[in-house]
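Data file: upload-v4.cif. Format and content: mmCIF, C-alpha atoms.
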data_work
#
loop_
_atom_site.group_PDB
_atom_site.id
_atom_site.type_symbol
_atom_site.label_atom_id
_atom_site.label_comp_id
_atom_site.auth_asym_id
_atom_site.auth_seq_id
_atom_site.Cartn_x
_atom_site.Cartn_y
_atom_site.Cartn_z
ATOM 1 C CA MET A 1 0.000 0.000 0.000
ATOM 2 C CA ARG A 2 1.122 3.561 -0.652
ATOM 3 C CA LEU A 3 1.263 5.084 2.836
ATOM 4 C CA LEU A 4 1.616 8.777 3.560
ATOM 5 C CA VAL A 5 2.800 9.450 7.118
ATOM 6 C CA VAL A 6 2.295 12.988 8.418
ATOM 7 C CA HIS A 7 4.193 13.868 11.588
ATOM 8 C CA ALA A 8 3.571 16.968 13.713
ATOM 9 C CA HIS A 9 5.883 17.406 16.690
ATOM 10 C CA PRO A 10 8.549 20.111 17.047
ATOM 11 C CA VAL A 11 10.984 18.121 19.227
ATOM 12 C CA PRO A 12 13.165 15.555 17.406
ATOM 13 C CA GLU A 13 13.959 13.613 20.609
ATOM 14 C CA SER A 14 10.311 13.361 21.700
ATOM 15 C CA PHE A 15 8.416 10.137 22.280
ATOM 16 C CA ASN A 16 6.108 11.244 19.483
ATOM 17 C CA THR A 17 9.061 11.251 17.093
ATOM 18 C CA ALA A 18 9.937 7.731 18.278
ATOM 19 C CA LEU A 19 6.366 6.705 17.436
ATOM 20 C CA CYS A 20 6.754 8.157 13.954
ATOM 21 C CA ARG A 21 10.017 6.242 13.449
ATOM 22 C CA ALA A 22 8.289 3.030 14.550
ATOM 23 C CA VAL A 23 5.541 3.606 11.978
ATOM 24 C CA LEU A 24 8.022 4.264 9.171
ATOM 25 C CA GLU A 25 10.311 1.349 10.016
ATOM 26 C CA THR A 26 7.492 -1.165 10.405
ATOM 27 C CA ALA A 27 5.647 -0.077 7.275
ATOM 28 C CA ARG A 28 8.812 -0.310 5.163
ATOM 29 C CA GLN A 29 9.710 -3.698 6.643
ATOM 30 C CA GLN A 30 6.255 -4.941 5.637
ATOM 31 C CA GLY A 31 6.835 -3.838 2.031
ATOM 32 C CA HIS A 32 4.698 -0.703 1.884
ATOM 33 C CA ASP A 33 5.668 2.264 -0.275
ATOM 34 C CA VAL A 34 6.050 4.995 2.338
ATOM 35 C CA ARG A 35 6.378 8.774 2.165
ATOM 36 C CA LEU A 36 6.902 11.082 5.130
ATOM 37 C CA ILE A 37 5.777 14.660 5.579
ATOM 38 C CA ASP A 38 7.420 15.999 8.737
ATOM 39 C CA LEU A 39 5.648 19.321 9.117
ATOM 40 C CA HIS A 40 8.116 20.925 11.554
ATOM 41 C CA ALA A 41 11.265 19.614 9.866
ATOM 42 C CA ASP A 42 9.910 20.740 6.483
ATOM 43 C CA GLY A 43 9.065 24.217 7.787
ATOM 44 C CA PHE A 44 5.419 23.964 6.754
ATOM 45 C CA ASN A 45 3.518 27.241 7.092
ATOM 46 C CA PRO A 46 0.096 26.473 8.615
ATOM 47 C CA VAL A 47 -1.267 30.009 8.201
ATOM 48 C CA MET A 48 -3.836 30.591 5.484
ATOM 49 C CA THR A 49 -3.486 34.116 4.053
ATOM 50 C CA ALA A 50 -6.365 36.410 3.146
ATOM 51 C CA GLU A 51 -5.511 35.977 -0.539
ATOM 52 C CA GLU A 52 -5.510 32.204 -0.204
ATOM 53 C CA ARG A 53 -8.865 32.244 1.573
ATOM 54 C CA ARG A 54 -10.403 34.482 -1.084
ATOM 55 C CA GLY A 55 -9.303 31.916 -3.666
ATOM 56 C CA TYR A 56 -10.613 28.934 -1.703
ATOM 57 C CA THR A 57 -12.599 27.479 -4.598
ATOM 58 C CA GLU A 58 -12.310 24.465 -6.855
ATOM 59 C CA ASP A 59 -11.182 26.371 -9.941
ATOM 60 C CA VAL A 60 -8.215 28.207 -8.376
ATOM 61 C CA PRO A 61 -4.730 26.689 -8.871
ATOM 62 C CA VAL A 62 -3.061 25.175 -5.818
ATOM 63 C CA PRO A 63 -0.477 27.567 -4.294
ATOM 64 C CA PRO A 64 3.101 26.500 -5.142
ATOM 65 C CA ASP A 65 4.089 25.715 -1.533
ATOM 66 C CA LEU A 66 1.168 23.280 -1.246
ATOM 67 C CA ARG A 67 1.675 21.369 -4.502
ATOM 68 C CA PRO A 68 4.012 18.697 -3.019
ATOM 69 C CA HIS A 69 1.536 18.125 -0.184
ATOM 70 C CA VAL A 70 -1.443 17.839 -2.524
ATOM 71 C CA GLU A 71 0.492 15.501 -4.801
ATOM 72 C CA ALA A 72 1.435 13.285 -1.843
ATOM 73 C CA LEU A 73 -2.170 13.192 -0.655
ATOM 74 C CA GLN A 74 -3.413 12.246 -4.124
ATOM 75 C CA TRP A 75 -0.700 9.556 -4.361
ATOM 76 C CA ALA A 76 -1.582 7.925 -1.041
ATOM 77 C CA GLU A 77 -3.804 4.922 -0.461
ATOM 78 C CA GLY A 78 -3.366 5.151 3.290
ATOM 79 C CA LEU A 79 -2.839 8.151 5.560
ATOM 80 C CA ILE A 80 -1.276 7.840 9.010
ATOM 81 C CA LEU A 81 -1.125 10.902 11.239
ATOM 82 C CA VAL A 82 1.328 10.926 14.158
ATOM 83 C CA TYR A 83 0.999 13.833 16.566
ATOM 84 C CA PRO A 84 0.495 14.868 20.195
ATOM 85 C CA THR A 85 -2.989 15.902 21.270
ATOM 86 C CA TRP A 86 -2.730 19.408 22.701
ATOM 87 C CA TRP A 87 -5.790 21.166 24.120
ATOM 88 C CA TYR A 88 -7.939 18.206 23.066
ATOM 89 C CA SER A 89 -7.143 18.354 19.357
ATOM 90 C CA GLN A 90 -4.413 18.490 16.723
ATOM 91 C CA PRO A 91 -1.431 20.842 17.099
ATOM 92 C CA ALA A 92 -1.786 24.109 15.180
ATOM 93 C CA ILE A 93 0.678 23.048 12.484
ATOM 94 C CA LEU A 94 -1.339 19.915 11.688
ATOM 95 C CA LYS A 95 -4.668 21.744 11.808
ATOM 96 C CA GLY A 96 -3.165 24.322 9.430
ATOM 97 C CA TRP A 97 -2.043 21.504 7.112
ATOM 98 C CA ILE A 98 -5.602 20.206 7.045
ATOM 99 C CA ASP A 99 -7.009 23.711 6.482
ATOM 100 C CA ARG A 100 -4.648 24.472 3.610
ATOM 101 C CA VAL A 101 -4.073 21.096 1.919
ATOM 102 C CA TRP A 102 -7.525 19.487 2.181
ATOM 103 C CA ARG A 103 -8.840 21.927 -0.409
ATOM 104 C CA PRO A 104 -11.963 22.130 -2.543
ATOM 105 C CA GLY A 105 -11.455 20.235 -5.765
ATOM 106 C CA ILE A 106 -8.727 18.135 -4.140
ATOM 107 C CA THR A 107 -10.435 16.405 -1.213
ATOM 108 C CA PHE A 108 -14.052 17.520 -1.607
ATOM 109 C CA THR A 109 -16.433 19.365 -3.904
ATOM 110 C CA LEU A 110 -18.138 22.445 -2.544
ATOM 111 C CA ARG A 111 -21.846 22.365 -1.841
ATOM 112 C CA THR A 112 -24.069 24.203 -4.318
ATOM 113 C CA ALA A 113 -27.783 24.988 -4.496
ATOM 114 C CA THR A 114 -28.364 21.666 -6.265
ATOM 115 C CA GLU A 115 -25.454 19.447 -5.171
ATOM 116 C CA PRO A 116 -24.354 18.382 -1.669
ATOM 117 C CA LEU A 117 -20.773 18.520 -0.447
ATOM 118 C CA ARG A 118 -19.031 15.343 -1.639
ATOM 119 C CA GLY A 119 -15.726 13.696 -0.834
ATOM 120 C CA ALA A 120 -13.217 13.593 -3.685
ATOM 121 C CA LEU A 121 -10.177 11.808 -2.227
ATOM 122 C CA HIS A 122 -11.296 8.311 -3.193
ATOM 123 C CA ASN A 123 -7.738 6.998 -3.527
ATOM 124 C CA VAL A 124 -7.445 7.009 0.296
ATOM 125 C CA ARG A 125 -8.912 3.838 1.845
ATOM 126 C CA LEU A 126 -7.175 3.853 5.231
ATOM 127 C CA ILE A 127 -6.785 6.560 7.862
ATOM 128 C CA GLY A 128 -4.849 5.894 11.046
ATOM 129 C CA VAL A 129 -4.013 8.119 13.997
ATOM 130 C CA ILE A 130 -1.251 7.606 16.549
ATOM 131 C CA THR A 131 -1.320 10.225 19.267
ATOM 132 C CA THR A 132 -0.428 10.994 22.863
ATOM 133 C CA PHE A 133 -2.336 12.891 25.551
ATOM 134 C CA GLY A 134 -1.531 14.630 28.791
ATOM 135 C CA SER A 135 -5.071 13.985 30.014
ATOM 136 C CA PRO A 136 -6.585 10.700 31.217
ATOM 137 C CA TRP A 137 -8.826 8.869 28.723
ATOM 138 C CA TRP A 138 -12.054 9.480 30.656
ATOM 139 C CA PHE A 139 -11.466 13.223 30.780
ATOM 140 C CA TRP A 140 -10.800 13.559 27.047
ATOM 141 C CA THR A 141 -13.520 11.128 25.969
ATOM 142 C CA PHE A 142 -16.427 11.762 28.331
ATOM 143 C CA LEU A 143 -15.929 15.278 29.667
ATOM 144 C CA ILE A 144 -14.524 16.925 26.518
ATOM 145 C CA GLY A 145 -16.109 14.691 23.861
ATOM 146 C CA ALA A 146 -13.005 13.611 21.890
ATOM 147 C CA PRO A 147 -13.008 16.520 19.390
ATOM 148 C CA GLY A 148 -9.652 15.603 17.824
ATOM 149 C CA ARG A 149 -10.856 12.093 17.056
ATOM 150 C CA LYS A 150 -14.042 13.385 15.441
ATOM 151 C CA ILE A 151 -12.124 15.817 13.220
ATOM 152 C CA ILE A 152 -10.075 12.978 11.720
ATOM 153 C CA LEU A 153 -12.251 9.871 11.834
ATOM 154 C CA ARG A 154 -15.468 11.645 10.877
ATOM 155 C CA GLY A 155 -14.525 14.869 9.124
ATOM 156 C CA LEU A 156 -11.496 13.807 7.074
ATOM 157 C CA ARG A 157 -12.833 10.310 6.513
ATOM 158 C CA TYR A 158 -15.905 11.794 4.810
ATOM 159 C CA CYS A 159 -13.611 13.166 2.087
ATOM 160 C CA THR A 160 -12.104 9.757 1.296
ATOM 161 C CA HIS A 161 -13.376 6.509 -0.208
ATOM 162 C CA PRO A 162 -16.792 5.441 1.175
ATOM 163 C CA ARG A 163 -15.249 2.207 2.495
ATOM 164 C CA THR A 164 -12.227 3.785 4.147
ATOM 165 C CA ARG A 165 -11.085 1.856 7.212
ATOM 166 C CA THR A 166 -9.781 3.696 10.254
ATOM 167 C CA PHE A 167 -7.792 3.053 13.400
ATOM 168 C CA TRP A 168 -6.929 5.161 16.433
ATOM 169 C CA LEU A 169 -4.133 4.478 18.907
ATOM 170 C CA GLY A 170 -3.761 6.901 21.791
ATOM 171 C CA LEU A 171 -1.558 6.889 24.873
ATOM 172 C CA HIS A 172 -3.128 8.921 27.682
ATOM 173 C CA ASP A 173 -1.538 10.346 30.851
ATOM 174 C CA MET A 174 1.825 10.845 29.135
ATOM 175 C CA ASP A 175 3.402 12.660 32.071
ATOM 176 C CA ALA A 176 2.789 9.694 34.385
ATOM 177 C CA ARG A 177 3.943 6.952 32.002
ATOM 178 C CA THR A 178 6.984 4.802 32.703
ATOM 179 C CA ASP A 179 9.559 3.628 30.170
ATOM 180 C CA THR A 180 7.917 0.203 30.319
ATOM 181 C CA THR A 181 4.486 1.607 29.492
ATOM 182 C CA ARG A 182 5.879 3.665 26.604
ATOM 183 C CA ALA A 183 7.746 0.625 25.258
ATOM 184 C CA ARG A 184 4.531 -1.392 25.424
ATOM 185 C CA PHE A 185 2.702 1.307 23.444
ATOM 186 C CA LEU A 186 5.485 1.360 20.842
ATOM 187 C CA GLY A 187 4.998 -2.398 20.472
ATOM 188 C CA LYS A 188 1.264 -1.899 20.043
ATOM 189 C CA VAL A 189 1.912 0.665 17.319
ATOM 190 C CA ARG A 190 4.309 -1.637 15.490
ATOM 191 C CA ALA A 191 1.822 -4.519 15.689
ATOM 192 C CA ARG A 192 -0.998 -2.385 14.274
ATOM 193 C CA ILE A 193 1.103 -1.078 11.380
ATOM 194 C CA ALA A 194 2.233 -4.644 10.620
ATOM 195 C CA ARG A 195 -1.425 -5.613 10.101
ATOM 196 C CA ILE A 196 -1.998 -3.085 7.305
ATOM 197 C CA PRO A 197 -2.575 -5.118 4.125
ATOM 198 C CA LEU A 198 -0.331 -4.556 1.142
#
For the structure just supplied, provide its representation as structure tokens.
Amino acid sequence: MRLLVVHAHPVPESFNTALCRAVLETARQQGHDVRLIDLHADGFNPVMTAEERRGYTEDVPVPPDLRPHVEALQWAEGLILVYPTWWYSQPAILKGWIDRVWRPGITFTLRTATEPLRGALHNVRLIGVITTFGSPWWFWTFLIGAPGRKIILRGLRYCTHPRTRTFWLGLHDMDARTDTTRARFLGKVRARIARIPL
């Protein structure tokens, strides 16, 4: 499978970066064709300008800085996002990537008076998320309502193939985790990536 891995963490020595490495290594060992977009390392600009927003329609050319990202997204059959959950959702750089790259005409068609909004990224048939949290699972899920999960597994999934499969792996209470617990989660991540069909 052609897998696009998008990583969003600013610290190269972070546990999140170790998770991303585990995804890449395991996917390549299994024979997948893998591409990485490391948003911080690549210097991605998450800010949508006024000019870009005014041209946010299907018939406007993709800005030059976004073309490699759009091409990678259109190439992919599977998308795996690796990031920390901050303030209950995606980091700003990843949310900006979604805002700017998941564009009309690329990932969806805009709603009109006679046509509903439709997904257009039918090449993507798998979406996976690997994330970490400072909060306990009950707080994020029941008290807050898991907004970050809904953005990806409902919102982005709607833009992909109707039969897109999803998975979500999250490690909560990061600040209280031991090396043993983190190693166990790394093993869980590797096992899940190893189950992705070619």
Exercise: region 53-56 of chain A partners within 12 Å, all atoms listed in the file, chain neighbours under 2 positions left out, as a list of chain:residue names: A:Val47, A:Met48, A:Thr49, A:Ala50, A:Glu51, A:Glu58, A:Asp59, A:Val60, A:Pro61, A:Val62, A:Pro63, A:Asp99, A:Arg100, A:Val101, A:Trp102, A:Arg103, A:Pro104, A:Gly105, A:Ile106, A:Phe108, A:Thr109, A:Leu110
Taking all atoms of region 56-71 of chain A that appear in the file, build a box with edges along x, y and z, extend it by 6 Å on every side, and state its centre and edge lengths in Å to one decimal, as AutoDock Vina command-line options.
--center_x -4.3 --center_y 22.2 --center_z -5.1 --size_x 28.7 --size_y 25.4 --size_z 21.8
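Using all atoms listed in the file, the shortest contact distance between Ile196 (chain A) and any of A:Lys95, A:Arg125, A:His9, A:Arg149 is found at A:Arg125.
Nearest to Phe15 (chain A) of all the residues A:Arg177, A:His40, A:Arg192, A:His32 is A:Arg177, counting all atoms listed in the file.
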I'd like the interatomic distance between CA of Pro10 (chain A) and CA of Ile80 (chain A), to a tenth of an Å. 17.7 Å
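Pairwise distance (CA of Ser14 (chain A), CA of Ile152 (chain A)) equals 22.7 Å.
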Taking into account all atoms listed in the file, which residue in the set A:Val34, A:Ile151, A:Val82, A:Val6 is nearest to Ala18 (chain A)? A:Val82
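The smallest atom-to-atom distance between Thr17 (chain A) and any of A:Pro84, A:Gly78, A:Pro68, A:Gly43, using only C-alpha atoms, is found for A:Pro84.
Non-sequential neighbours of Ile98 (chain A) (distance at most 12 Å, separation of 6 or more positions within a chain, only C-alpha atoms) are Val6, Ala8, Leu39, Phe44, Asn45, Pro46, Val47, Met48, Leu66, His69, Val70, Leu73, Leu81, Gln90, Pro91, Ala92, Pro104, Ile106, Thr107, Ile151, Ile152, Gly155, Leu156 and Cys159 of chain A.
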